[in-house]
$ cat coords_34.cif   # mmCIF, C-alpha atoms and all ligand atoms
data_coords
loop_
_atom_site.label_atom_id
_atom_site.label_comp_id
_atom_site.auth_asym_id
_atom_site.auth_seq_id
_atom_site.Cartn_x
_atom_site.Cartn_y
_atom_site.Cartn_z
CA MET A 23 0.00 0.00 0.00
CA GLU A 24 1.30 3.42 -0.93
CA ILE A 25 -0.21 6.62 0.39
CA ILE A 26 0.08 10.24 -0.69
CA ILE A 27 -1.58 12.68 1.70
CA LEU A 28 -2.91 16.07 0.61
CA LEU A 29 -2.74 18.46 3.54
CA GLY A 30 -4.13 21.98 3.50
CA ALA A 31 -6.75 24.32 4.91
CA PRO A 32 -10.35 24.26 3.65
CA GLY A 33 -10.26 25.91 0.22
CA ALA A 34 -6.59 25.08 -0.40
CA GLY A 35 -7.62 23.14 -3.51
CA LYS A 36 -7.06 19.59 -2.29
CA GLY A 37 -10.14 18.13 -3.98
CA THR A 38 -9.59 20.06 -7.21
CA ALA A 39 -5.98 18.89 -7.48
CA ALA A 40 -6.92 15.36 -6.41
CA VAL A 41 -9.25 14.84 -9.38
CA ARG A 42 -6.36 15.68 -11.74
CA LEU A 43 -3.75 13.70 -9.78
CA VAL A 44 -5.85 10.54 -10.03
CA THR A 45 -5.16 10.34 -13.79
CA ARG A 46 -1.58 11.66 -13.55
CA LEU A 47 -0.48 9.25 -10.82
CA GLY A 48 -2.81 6.26 -11.14
CA VAL A 49 -4.00 6.56 -7.53
CA LYS A 50 -7.41 6.15 -5.90
CA HIS A 51 -8.85 9.39 -4.53
CA VAL A 52 -10.19 9.09 -0.99
CA SER A 53 -11.95 12.25 0.24
CA SER A 54 -13.00 11.94 3.87
CA GLY A 55 -15.41 14.88 3.43
CA ASP A 56 -17.10 13.24 0.43
CA LEU A 57 -17.38 9.92 2.31
CA LEU A 58 -19.00 11.69 5.27
CA ARG A 59 -21.37 13.75 3.08
CA GLN A 60 -22.42 10.50 1.37
CA ALA A 61 -23.05 8.86 4.76
CA VAL A 62 -25.17 11.87 5.82
CA LYS A 63 -27.15 11.72 2.56
CA GLN A 64 -27.76 7.98 2.97
CA GLY A 65 -28.78 8.43 6.61
CA THR A 66 -26.39 5.75 7.91
CA ALA A 67 -25.51 5.57 11.62
CA ALA A 68 -22.12 7.18 10.87
CA GLY A 69 -23.84 9.90 8.86
CA LYS A 70 -26.27 10.66 11.70
CA GLU A 71 -23.39 10.92 14.15
CA ALA A 72 -21.33 13.14 11.82
CA GLU A 73 -24.02 15.57 10.65
CA GLY A 74 -24.05 18.02 13.56
CA PHE A 75 -20.26 18.35 13.69
CA MET A 76 -20.11 19.00 9.95
CA LYS A 77 -22.85 21.65 10.06
CA ARG A 78 -20.93 23.54 12.76
CA GLY A 79 -17.63 23.24 10.88
CA GLU A 80 -16.12 21.07 13.62
CA LEU A 81 -14.23 17.85 13.10
CA VAL A 82 -16.16 14.62 13.53
CA PRO A 83 -14.75 12.31 16.25
CA ASP A 84 -11.43 10.63 15.35
CA ALA A 85 -12.88 7.16 16.00
CA LEU A 86 -15.76 7.73 13.57
CA ILE A 87 -13.73 8.86 10.55
CA GLY A 88 -10.84 6.58 11.55
CA ARG A 89 -13.04 3.50 11.27
CA ILE A 90 -14.37 4.53 7.84
CA ILE A 91 -10.87 5.14 6.45
CA ALA A 92 -9.28 2.06 8.06
CA ASP A 93 -12.01 -0.22 6.62
CA LEU A 94 -11.59 1.30 3.17
CA LEU A 95 -7.80 0.97 3.19
CA ALA A 96 -7.90 -2.60 4.53
CA ALA A 97 -10.31 -3.59 1.74
CA GLY A 98 -8.05 -2.23 -1.00
CA GLY A 99 -5.28 -4.81 -0.73
CA ARG A 100 -1.52 -4.48 -0.51
CA ASP A 101 -0.88 -3.10 -4.01
CA ALA A 102 -3.36 -0.23 -3.77
CA LYS A 103 -2.19 3.38 -4.13
CA TYR A 104 -4.23 6.04 -2.40
CA LEU A 105 -4.42 9.81 -2.47
CA LEU A 106 -5.89 10.88 0.86
CA ASP A 107 -7.72 14.21 0.73
CA GLY A 108 -8.91 15.55 4.09
CA PHE A 109 -7.51 12.71 6.20
CA PRO A 110 -5.68 12.78 8.56
CA ARG A 111 -6.77 16.04 10.21
CA THR A 112 -5.51 15.44 13.76
CA VAL A 113 -2.38 13.89 15.26
CA ALA A 114 -4.52 11.02 16.61
CA GLN A 115 -5.72 10.29 13.05
CA ALA A 116 -2.14 10.44 11.74
CA GLU A 117 -1.08 7.91 14.39
CA MET A 118 -3.96 5.64 13.44
CA LEU A 119 -3.05 5.90 9.75
CA GLU A 120 0.57 5.05 10.54
CA ARG A 121 -0.60 1.91 12.37
CA VAL A 122 -2.80 0.78 9.46
CA VAL A 123 -0.09 1.44 6.87
CA THR A 124 2.50 -0.46 8.94
CA GLU A 125 0.11 -3.41 9.44
CA GLN A 126 -0.40 -3.62 5.67
CA GLY A 127 3.35 -3.44 4.97
CA GLY A 128 2.81 -0.14 3.13
CA ARG A 129 4.37 3.30 3.25
CA ILE A 130 3.52 6.96 3.15
CA ARG A 131 5.25 8.19 0.01
CA ALA A 132 4.64 11.89 0.68
CA THR A 133 2.55 14.40 2.58
CA VAL A 134 1.89 17.41 0.37
CA MET A 135 1.12 20.62 2.25
CA MET A 136 -0.72 23.04 -0.06
CA ASP A 137 0.07 26.57 1.17
CA VAL A 138 -2.57 29.24 0.44
CA ASP A 139 -3.08 32.66 2.09
CA GLU A 140 -6.15 32.98 4.29
CA ALA A 141 -7.75 35.81 2.22
CA ILE A 142 -7.61 33.56 -0.86
CA LEU A 143 -9.06 30.62 1.08
CA ILE A 144 -12.04 32.74 2.14
CA ASP A 145 -12.66 33.95 -1.42
CA ARG A 146 -12.42 30.42 -2.80
CA LEU A 147 -14.86 29.00 -0.25
CA ALA A 148 -17.36 31.84 -0.79
CA GLY A 149 -17.39 31.19 -4.55
CA ARG A 150 -17.24 27.40 -4.40
CA ARG A 151 -20.07 25.42 -5.98
CA VAL A 152 -20.31 21.65 -5.89
CA CYS A 153 -22.24 18.93 -7.65
CA PRO A 154 -24.48 17.09 -5.17
CA THR A 155 -24.49 14.02 -7.45
CA CYS A 156 -20.87 13.43 -8.49
CA ALA A 157 -19.07 15.79 -6.01
CA ALA A 158 -17.26 17.71 -8.79
CA GLY A 159 -16.10 21.13 -7.56
CA TYR A 160 -16.27 24.53 -9.28
CA HIS A 161 -15.75 28.21 -8.50
CA VAL A 162 -18.07 30.91 -9.83
CA ARG A 163 -15.12 32.97 -11.11
CA ASN A 164 -11.91 30.88 -11.06
CA LEU A 165 -13.28 27.55 -12.26
CA PRO A 166 -16.76 28.07 -13.73
CA PRO A 167 -18.75 25.24 -15.34
CA LYS A 168 -19.45 25.51 -19.09
CA VAL A 169 -23.12 26.30 -18.38
CA THR A 170 -23.69 28.53 -15.31
CA GLY A 171 -24.94 26.50 -12.34
CA VAL A 172 -24.78 23.11 -14.08
CA CYS A 173 -22.24 20.31 -13.55
CA ASP A 174 -20.08 19.68 -16.66
CA ALA A 175 -19.68 16.02 -15.76
CA CYS A 176 -23.26 14.92 -15.04
CA GLY A 177 -25.64 17.84 -15.74
CA THR A 178 -26.91 18.19 -12.15
CA ALA A 179 -27.70 21.67 -10.77
CA LEU A 180 -24.76 22.89 -8.66
CA VAL A 181 -25.21 23.89 -5.00
CA GLN A 182 -23.28 25.75 -2.34
CA ARG A 183 -22.11 23.49 0.48
CA PRO A 184 -24.02 24.32 3.70
CA ASP A 185 -20.70 24.64 5.58
CA ASP A 186 -19.35 27.19 3.06
CA ASN A 187 -21.34 30.03 4.70
CA PRO A 188 -19.12 32.81 6.16
CA GLU A 189 -19.56 31.95 9.90
CA THR A 190 -18.89 28.24 9.44
CA VAL A 191 -15.90 29.03 7.20
CA GLN A 192 -14.32 31.09 10.01
CA ASN A 193 -14.79 28.16 12.36
CA ARG A 194 -13.33 25.66 9.89
CA LEU A 195 -10.26 27.83 9.37
CA ALA A 196 -9.77 28.13 13.15
CA VAL A 197 -10.19 24.36 13.51
CA PHE A 198 -7.57 23.82 10.79
CA ASN A 199 -5.07 26.12 12.51
CA LYS A 200 -5.59 24.49 15.89
CA GLN A 201 -6.11 20.80 15.12
CA THR A 202 -4.65 20.09 11.67
CA ALA A 203 -1.72 22.51 11.25
CA PRO A 204 0.31 20.59 13.90
CA LEU A 205 0.51 17.77 11.32
CA ILE A 206 2.91 19.90 9.25
CA ALA A 207 5.60 19.53 11.92
CA TRP A 208 4.53 15.94 12.62
CA TYR A 209 5.14 14.84 9.02
CA GLN A 210 8.22 17.03 8.74
CA ALA A 211 9.69 15.06 11.63
CA ARG A 212 8.89 11.83 9.71
CA GLN A 213 10.57 13.26 6.60
CA THR A 214 7.60 12.81 4.29
CA LEU A 215 6.55 16.47 4.07
CA VAL A 216 6.78 18.52 0.87
CA ARG A 217 5.34 22.04 0.62
CA VAL A 218 3.71 23.41 -2.49
CA GLU A 219 2.46 26.92 -3.27
CA GLY A 220 -1.24 26.32 -3.82
CA ALA A 221 -2.46 29.70 -5.08
CA ALA A 222 -0.21 30.90 -7.90
CA GLY A 223 -1.18 29.99 -11.46
CA SER A 224 -3.93 27.77 -12.82
CA VAL A 225 -5.27 24.51 -11.41
CA ASP A 226 -3.04 22.67 -13.90
CA ASP A 227 0.00 24.67 -12.70
CA VAL A 228 -0.69 23.68 -9.08
CA THR A 229 -1.18 20.04 -10.09
CA GLU A 230 2.11 20.09 -12.01
CA ARG A 231 3.88 21.62 -9.01
CA ILE A 232 2.61 18.78 -6.82
CA VAL A 233 3.73 16.09 -9.27
CA ARG A 234 7.21 17.65 -9.48
CA ALA A 235 7.49 17.94 -5.69
CA LEU A 236 6.81 14.22 -5.11
CA PRO A 237 9.79 12.08 -4.17
P1 LIG A 301 -14.05 18.63 3.73
O1 LIG A 301 -14.94 18.28 2.58
O2 LIG A 301 -12.74 17.92 3.68
O3 LIG A 301 -13.90 20.13 3.91
O4 LIG A 301 -14.79 18.10 5.06
C1 LIG A 301 -16.06 18.57 5.42
C2 LIG A 301 -16.32 18.29 6.88
O5 LIG A 301 -16.29 16.88 7.11
C3 LIG A 301 -15.30 18.86 7.84
O6 LIG A 301 -15.56 20.22 8.17
C4 LIG A 301 -15.48 17.94 9.05
O7 LIG A 301 -16.67 18.24 9.75
C5 LIG A 301 -15.70 16.60 8.37
N1 LIG A 301 -14.41 15.89 8.13
C6 LIG A 301 -13.84 15.59 6.92
N2 LIG A 301 -12.69 14.93 7.10
C7 LIG A 301 -12.51 14.81 8.43
C8 LIG A 301 -11.49 14.24 9.24
N3 LIG A 301 -10.40 13.66 8.71
N4 LIG A 301 -11.64 14.32 10.59
C9 LIG A 301 -12.71 14.89 11.15
N5 LIG A 301 -13.70 15.46 10.45
C10 LIG A 301 -13.62 15.42 9.10
#

$ encode --input "coords_34.cif" --output "structure tokens" --more "lines below"
Ligand code: AMP
Amino acid sequence: MEIIILLGAPGAGKGTAAVRLVTRLGVKHVSSGDLLRQAVKQGTAAGKEAEGFMKRGELVPDALIGRIIADLLAAGGRDAKYLLDGFPRTVAQAEMLERVVTEQGGRIRATVMMDVDEAILIDRLAGRRVCPTCAAGYHVRNLPPKVTGVCDACGTALVQRPDDNPETVQNRLAVFNKQTAPLIAWYQARQTLVRVEGAAGSVDDVTERIVRALP
């Protein structure tokens, strides 16, 4: 098992880059946020537990998301290559991931920290639109769909994520700084961290920068 982790604040462009990296690198994209939103939509027990935390822009409990990710990774087999987007988000999750990867005889190839200024993050989240069917992401100005308000990939009407409202965004950024940013030093100490400028240039430029930064 080989893992690449995309680390970055909400709005850093993890999901947008991930979609492109899947074809460039031949990896499976695992978005913890998408998995949780799907669980909420389907009304599963995990979804019911997660919903309130997500609405408030807080992290769901480590054990809840940890179980979902561990099951998924264990099911993929030893040769699988994953791109993790949104997981881990706490040191406890990173420790859990390390245990699972070690058990499977795998390795973390790289942790890519996507650096983006806070003012840009806020603008990106305010203009973000998503497809509720296939989870494709857009931005009203930076990455518009071909037809306004309609998903290029599947034709569904685009929506704004409920947690992309200004108050929840402030909370999510604070949560990132407090609970997730410590992972930068954590992975630096394990010598898997690479840092990439996540704002300059086009989406393709950022993707290219990530590919070049990988060991
Ligand atoms: P995202 O789509 O990655 O921005 O995630 C949306 C929301 O899902 C977050 O604000 C959290 O409430 C929850 N979430 C996603 N990934 C995690 C994680 N690794 N740990 C805890 N909560 C998560």

$ closest_atom_pairs --input "coords_34.cif" --of "chain A" --to "ligand LIG 301 (chain A)" --cutoff "8 Å" --atoms "only C-alpha atoms and all ligand atoms" --output "JSON lines"
{"residue": "A:Pro32", "atom": "CA", "partner": "A:LIG301", "partner_atom": "O3", "distance": 5.5}
{"residue": "A:Gly33", "atom": "CA", "partner": "A:LIG301", "partner_atom": "O3", "distance": 7.8}
{"residue": "A:Ser53", "atom": "CA", "partner": "A:LIG301", "partner_atom": "O2", "distance": 6.7}
{"residue": "A:Ser54", "atom": "CA", "partner": "A:LIG301", "partner_atom": "N2", "distance": 4.4}
{"residue": "A:Gly55", "atom": "CA", "partner": "A:LIG301", "partner_atom": "O1", "distance": 3.5}
{"residue": "A:Asp56", "atom": "CA", "partner": "A:LIG301", "partner_atom": "O1", "distance": 5.9}
{"residue": "A:Leu58", "atom": "CA", "partner": "A:LIG301", "partner_atom": "O5", "distance": 6.1}
{"residue": "A:Arg59", "atom": "CA", "partner": "A:LIG301", "partner_atom": "O5", "distance": 7.2}
{"residue": "A:Ala72", "atom": "CA", "partner": "A:LIG301", "partner_atom": "O7", "distance": 7.2}
{"residue": "A:Glu73", "atom": "CA", "partner": "A:LIG301", "partner_atom": "O7", "distance": 7.9}
{"residue": "A:Phe75", "atom": "CA", "partner": "A:LIG301", "partner_atom": "O7", "distance": 5.3}
{"residue": "A:Met76", "atom": "CA", "partner": "A:LIG301", "partner_atom": "O7", "distance": 3.5}
{"residue": "A:Lys77", "atom": "CA", "partner": "A:LIG301", "partner_atom": "O7", "distance": 7.1}
{"residue": "A:Arg78", "atom": "CA", "partner": "A:LIG301", "partner_atom": "O7", "distance": 7.4}
{"residue": "A:Gly79", "atom": "CA", "partner": "A:LIG301", "partner_atom": "O6", "distance": 4.6}
{"residue": "A:Glu80", "atom": "CA", "partner": "A:LIG301", "partner_atom": "O7", "distance": 4.8}
{"residue": "A:Leu81", "atom": "CA", "partner": "A:LIG301", "partner_atom": "N5", "distance": 3.6}
{"residue": "A:Val82", "atom": "CA", "partner": "A:LIG301", "partner_atom": "N5", "distance": 4.0}
{"residue": "A:Pro83", "atom": "CA", "partner": "A:LIG301", "partner_atom": "C9", "distance": 6.1}
{"residue": "A:Asp84", "atom": "CA", "partner": "A:LIG301", "partner_atom": "N4", "distance": 6.0}
{"residue": "A:Ile87", "atom": "CA", "partner": "A:LIG301", "partner_atom": "N4", "distance": 5.8}
{"residue": "A:Gly88", "atom": "CA", "partner": "A:LIG301", "partner_atom": "N3", "distance": 7.6}
{"residue": "A:Asp107", "atom": "CA", "partner": "A:LIG301", "partner_atom": "O2", "distance": 6.9}
{"residue": "A:Gly108", "atom": "CA", "partner": "A:LIG301", "partner_atom": "O2", "distance": 4.5}
{"residue": "A:Phe109", "atom": "CA", "partner": "A:LIG301", "partner_atom": "N3", "distance": 3.9}
{"residue": "A:Pro110", "atom": "CA", "partner": "A:LIG301", "partner_atom": "N3", "distance": 4.8}
{"residue": "A:Arg111", "atom": "CA", "partner": "A:LIG301", "partner_atom": "N3", "distance": 4.6}
{"residue": "A:Thr112", "atom": "CA", "partner": "A:LIG301", "partner_atom": "N4", "distance": 7.0}
{"residue": "A:Gln115", "atom": "CA", "partner": "A:LIG301", "partner_atom": "N3", "distance": 7.2}
{"residue": "A:Asp185", "atom": "CA", "partner": "A:LIG301", "partner_atom": "O6", "distance": 7.3}
{"residue": "A:Arg194", "atom": "CA", "partner": "A:LIG301", "partner_atom": "O6", "distance": 6.1}

$ atom_distance --input "coords_34.cif" --atom1 "atom CA of A:Val191" --atom2 "atom CA of A:Gly30"
14.2 Å

$ closest_residue --input "coords_34.cif" --among "A:Ala40, A:Met118, A:Val52, A:Gly98" --to "A:Leu86" --atoms "all atoms listed in the file"
A:Met118

$ atom_distance --input "coords_34.cif" --atom1 "atom CA of A:Leu94" --atom2 "atom CA of A:Ala67"
16.8 Å

$ residues_around --input "coords_34.cif" --residues "stretch 129-143 of chain A" --least-positions-apart "5" --cutoff "7 Å" --atoms "all atoms listed in the file" --output "list in words"
Met23, Glu24, Ile25, Ile26, Ile27, Leu28, Leu29, Gly30, Pro32, Gly33, Ala34, Val123, Tyr209, Thr214, Leu215, Val216, Arg217, Val218, Glu219, Gly220, Ala221 and Leu236 of chain A

$ write_last_selection --input "coords_34.cif" --atoms "C-alpha atoms" --output "compact mmCIF listing (two decimals), in the frame of the given file"
# COMPACT_ATOMS: atom_id res chain seq x y z
CA MET A 23 0.00 0.00 0.00
CA GLU A 24 1.30 3.42 -0.93
CA ILE A 25 -0.21 6.62 0.39
CA ILE A 26 0.08 10.24 -0.69
CA ILE A 27 -1.58 12.68 1.70
CA LEU A 28 -2.91 16.07 0.61
CA LEU A 29 -2.74 18.46 3.54
CA GLY A 30 -4.13 21.98 3.50
CA PRO A 32 -10.35 24.26 3.65
CA GLY A 33 -10.26 25.91 0.22
CA ALA A 34 -6.59 25.08 -0.40
CA VAL A 123 -0.09 1.44 6.87
CA TYR A 209 5.14 14.84 9.02
CA THR A 214 7.60 12.81 4.29
CA LEU A 215 6.55 16.47 4.07
CA VAL A 216 6.78 18.52 0.87
CA ARG A 217 5.34 22.04 0.62
CA VAL A 218 3.71 23.41 -2.49
CA GLU A 219 2.46 26.92 -3.27
CA GLY A 220 -1.24 26.32 -3.82
CA ALA A 221 -2.46 29.70 -5.08
CA LEU A 236 6.81 14.22 -5.11

$ axis_aligned_box --input "coords_34.cif" --around "stretch 199-202 of chain A" --padding-each-side "3 Å" --output "JSON"
{"center_x": -5.4, "center_y": 23.1, "center_z": 13.8, "size_x": 7.5, "size_y": 12.0, "size_z": 10.2}

$ atom_distance --input "coords_34.cif" --atom1 "atom CA of A:Ala114" --atom2 "atom CA of A:Gln201"
10.0 Å

$ residues_near_point --input "coords_34.cif" --point "(-5.3, 15.3, -16.1)" --cutoff "12 Å" --atoms "all atoms listed in the file" --output "PDB file with C-alpha atoms, in the coordinates of the input"
ATOM      1  CA  THR A  38      -9.590  20.060  -7.210  1.00  0.00           C
ATOM      2  CA  ALA A  39      -5.980  18.890  -7.480  1.00  0.00           C
ATOM      3  CA  ALA A  40      -6.920  15.360  -6.410  1.00  0.00           C
ATOM      4  CA  VAL A  41      -9.250  14.840  -9.380  1.00  0.00           C
ATOM      5  CA  ARG A  42      -6.360  15.680 -11.740  1.00  0.00           C
ATOM      6  CA  LEU A  43      -3.750  13.700  -9.780  1.00  0.00           C
ATOM      7  CA  VAL A  44      -5.850  10.540 -10.030  1.00  0.00           C
ATOM      8  CA  THR A  45      -5.160  10.340 -13.790  1.00  0.00           C
ATOM      9  CA  ARG A  46      -1.580  11.660 -13.550  1.00  0.00           C
ATOM     10  CA  LEU A  47      -0.480   9.250 -10.820  1.00  0.00           C
ATOM     11  CA  GLY A  48      -2.810   6.260 -11.140  1.00  0.00           C
ATOM     12  CA  VAL A 225      -5.270  24.510 -11.410  1.00  0.00           C
ATOM     13  CA  ASP A 226      -3.040  22.670 -13.900  1.00  0.00           C
ATOM     14  CA  ASP A 227       0.000  24.670 -12.700  1.00  0.00           C
ATOM     15  CA  VAL A 228      -0.690  23.680  -9.080  1.00  0.00           C
ATOM     16  CA  THR A 229      -1.180  20.040 -10.090  1.00  0.00           C
ATOM     17  CA  GLU A 230       2.110  20.090 -12.010  1.00  0.00           C
ATOM     18  CA  VAL A 233       3.730  16.090  -9.270  1.00  0.00           C
TER      19      VAL A 233
END

$ residues_around --input "coords_34.cif" --residues "A:Asp186" --least-positions-apart "4" --cutoff "7 Å" --atoms "all atoms listed in the file" --output "ChimeraX atom specification"
/A:147-148,182,190-191

$ write_last_selection --input "coords_34.cif" --atoms "C-alpha atoms" --output "CSV table (one decimal), in the frame of the given file"
chain,number,residue,atom,x,y,z
A,147,LEU,CA,-14.9,29.0,-0.2
A,148,ALA,CA,-17.4,31.8,-0.8
A,182,GLN,CA,-23.3,25.8,-2.3
A,190,THR,CA,-18.9,28.2,9.4
A,191,VAL,CA,-15.9,29.0,7.2

$ build_atoms --input "coords_34.cif" --residues "stretch 41-55 of chain A" --atoms "N, CA, C and O atoms" --output "PDB file, keeping the file's coordinate frame"
ATOM      1  N   VAL A  41      -8.581  15.378  -8.186  1.00  0.00           N
ATOM      2  CA  VAL A  41      -9.250  14.840  -9.380  1.00  0.00           C
ATOM      3  C   VAL A  41      -8.242  14.719 -10.534  1.00  0.00           C
ATOM      4  O   VAL A  41      -8.241  13.744 -11.276  1.00  0.00           O
ATOM      5  N   ARG A  42      -7.354  15.711 -10.662  1.00  0.00           N
ATOM      6  CA  ARG A  42      -6.360  15.680 -11.740  1.00  0.00           C
ATOM      7  C   ARG A  42      -5.217  14.703 -11.440  1.00  0.00           C
ATOM      8  O   ARG A  42      -4.681  14.048 -12.336  1.00  0.00           O
ATOM      9  N   LEU A  43      -4.861  14.593 -10.159  1.00  0.00           N
ATOM     10  CA  LEU A  43      -3.750  13.700  -9.780  1.00  0.00           C
ATOM     11  C   LEU A  43      -4.118  12.227  -9.961  1.00  0.00           C
ATOM     12  O   LEU A  43      -3.239  11.401 -10.205  1.00  0.00           O
ATOM     13  N   VAL A  44      -5.399  11.922  -9.863  1.00  0.00           N
ATOM     14  CA  VAL A  44      -5.850  10.540 -10.030  1.00  0.00           C
ATOM     15  C   VAL A  44      -5.388  10.003 -11.393  1.00  0.00           C
ATOM     16  O   VAL A  44      -4.828   8.910 -11.490  1.00  0.00           O
ATOM     17  N   THR A  45      -5.571  10.803 -12.454  1.00  0.00           N
ATOM     18  CA  THR A  45      -5.160  10.340 -13.790  1.00  0.00           C
ATOM     19  C   THR A  45      -3.639  10.448 -13.961  1.00  0.00           C
ATOM     20  O   THR A  45      -3.026   9.579 -14.561  1.00  0.00           O
ATOM     21  N   ARG A  46      -3.040  11.496 -13.397  1.00  0.00           N
ATOM     22  CA  ARG A  46      -1.580  11.660 -13.550  1.00  0.00           C
ATOM     23  C   ARG A  46      -0.797  10.558 -12.851  1.00  0.00           C
ATOM     24  O   ARG A  46       0.224  10.100 -13.331  1.00  0.00           O
ATOM     25  N   LEU A  47      -1.278  10.149 -11.659  1.00  0.00           N
ATOM     26  CA  LEU A  47      -0.480   9.250 -10.820  1.00  0.00           C
ATOM     27  C   LEU A  47      -1.033   7.831 -10.705  1.00  0.00           C
ATOM     28  O   LEU A  47      -0.394   6.973 -10.107  1.00  0.00           O
ATOM     29  N   GLY A  48      -2.222   7.602 -11.244  1.00  0.00           N
ATOM     30  CA  GLY A  48      -2.810   6.260 -11.140  1.00  0.00           C
ATOM     31  C   GLY A  48      -3.132   5.872  -9.701  1.00  0.00           C
ATOM     32  O   GLY A  48      -2.862   4.743  -9.275  1.00  0.00           O
ATOM     33  N   VAL A  49      -3.667   6.829  -8.937  1.00  0.00           N
ATOM     34  CA  VAL A  49      -4.000   6.560  -7.530  1.00  0.00           C
ATOM     35  C   VAL A  49      -5.517   6.629  -7.351  1.00  0.00           C
ATOM     36  O   VAL A  49      -6.228   7.175  -8.192  1.00  0.00           O
ATOM     37  N   LYS A  50      -5.983   6.045  -6.241  1.00  0.00           N
ATOM     38  CA  LYS A  50      -7.410   6.150  -5.900  1.00  0.00           C
ATOM     39  C   LYS A  50      -7.599   7.351  -4.994  1.00  0.00           C
ATOM     40  O   LYS A  50      -6.884   7.494  -4.000  1.00  0.00           O
ATOM     41  N   HIS A  51      -8.573   8.191  -5.323  1.00  0.00           N
ATOM     42  CA  HIS A  51      -8.850   9.390  -4.530  1.00  0.00           C
ATOM     43  C   HIS A  51      -9.771   9.028  -3.372  1.00  0.00           C
ATOM     44  O   HIS A  51     -10.856   8.486  -3.582  1.00  0.00           O
ATOM     45  N   VAL A  52      -9.345   9.319  -2.156  1.00  0.00           N
ATOM     46  CA  VAL A  52     -10.190   9.090  -0.990  1.00  0.00           C
ATOM     47  C   VAL A  52     -10.408  10.433  -0.300  1.00  0.00           C
ATOM     48  O   VAL A  52      -9.490  10.994   0.303  1.00  0.00           O
ATOM     49  N   SER A  53     -11.617  10.980  -0.417  1.00  0.00           N
ATOM     50  CA  SER A  53     -11.950  12.250   0.240  1.00  0.00           C
ATOM     51  C   SER A  53     -12.801  11.953   1.461  1.00  0.00           C
ATOM     52  O   SER A  53     -13.926  11.463   1.342  1.00  0.00           O
ATOM     53  N   SER A  54     -12.251  12.239   2.637  1.00  0.00           N
ATOM     54  CA  SER A  54     -13.000  11.940   3.870  1.00  0.00           C
ATOM     55  C   SER A  54     -14.278  12.781   3.924  1.00  0.00           C
ATOM     56  O   SER A  54     -15.322  12.311   4.368  1.00  0.00           O
ATOM     57  N   GLY A  55     -14.217  14.028   3.436  1.00  0.00           N
ATOM     58  CA  GLY A  55     -15.410  14.880   3.430  1.00  0.00           C
ATOM     59  C   GLY A  55     -16.495  14.298   2.534  1.00  0.00           C
ATOM     60  O   GLY A  55     -17.665  14.246   2.918  1.00  0.00           O
TER      61      GLY A  55
END
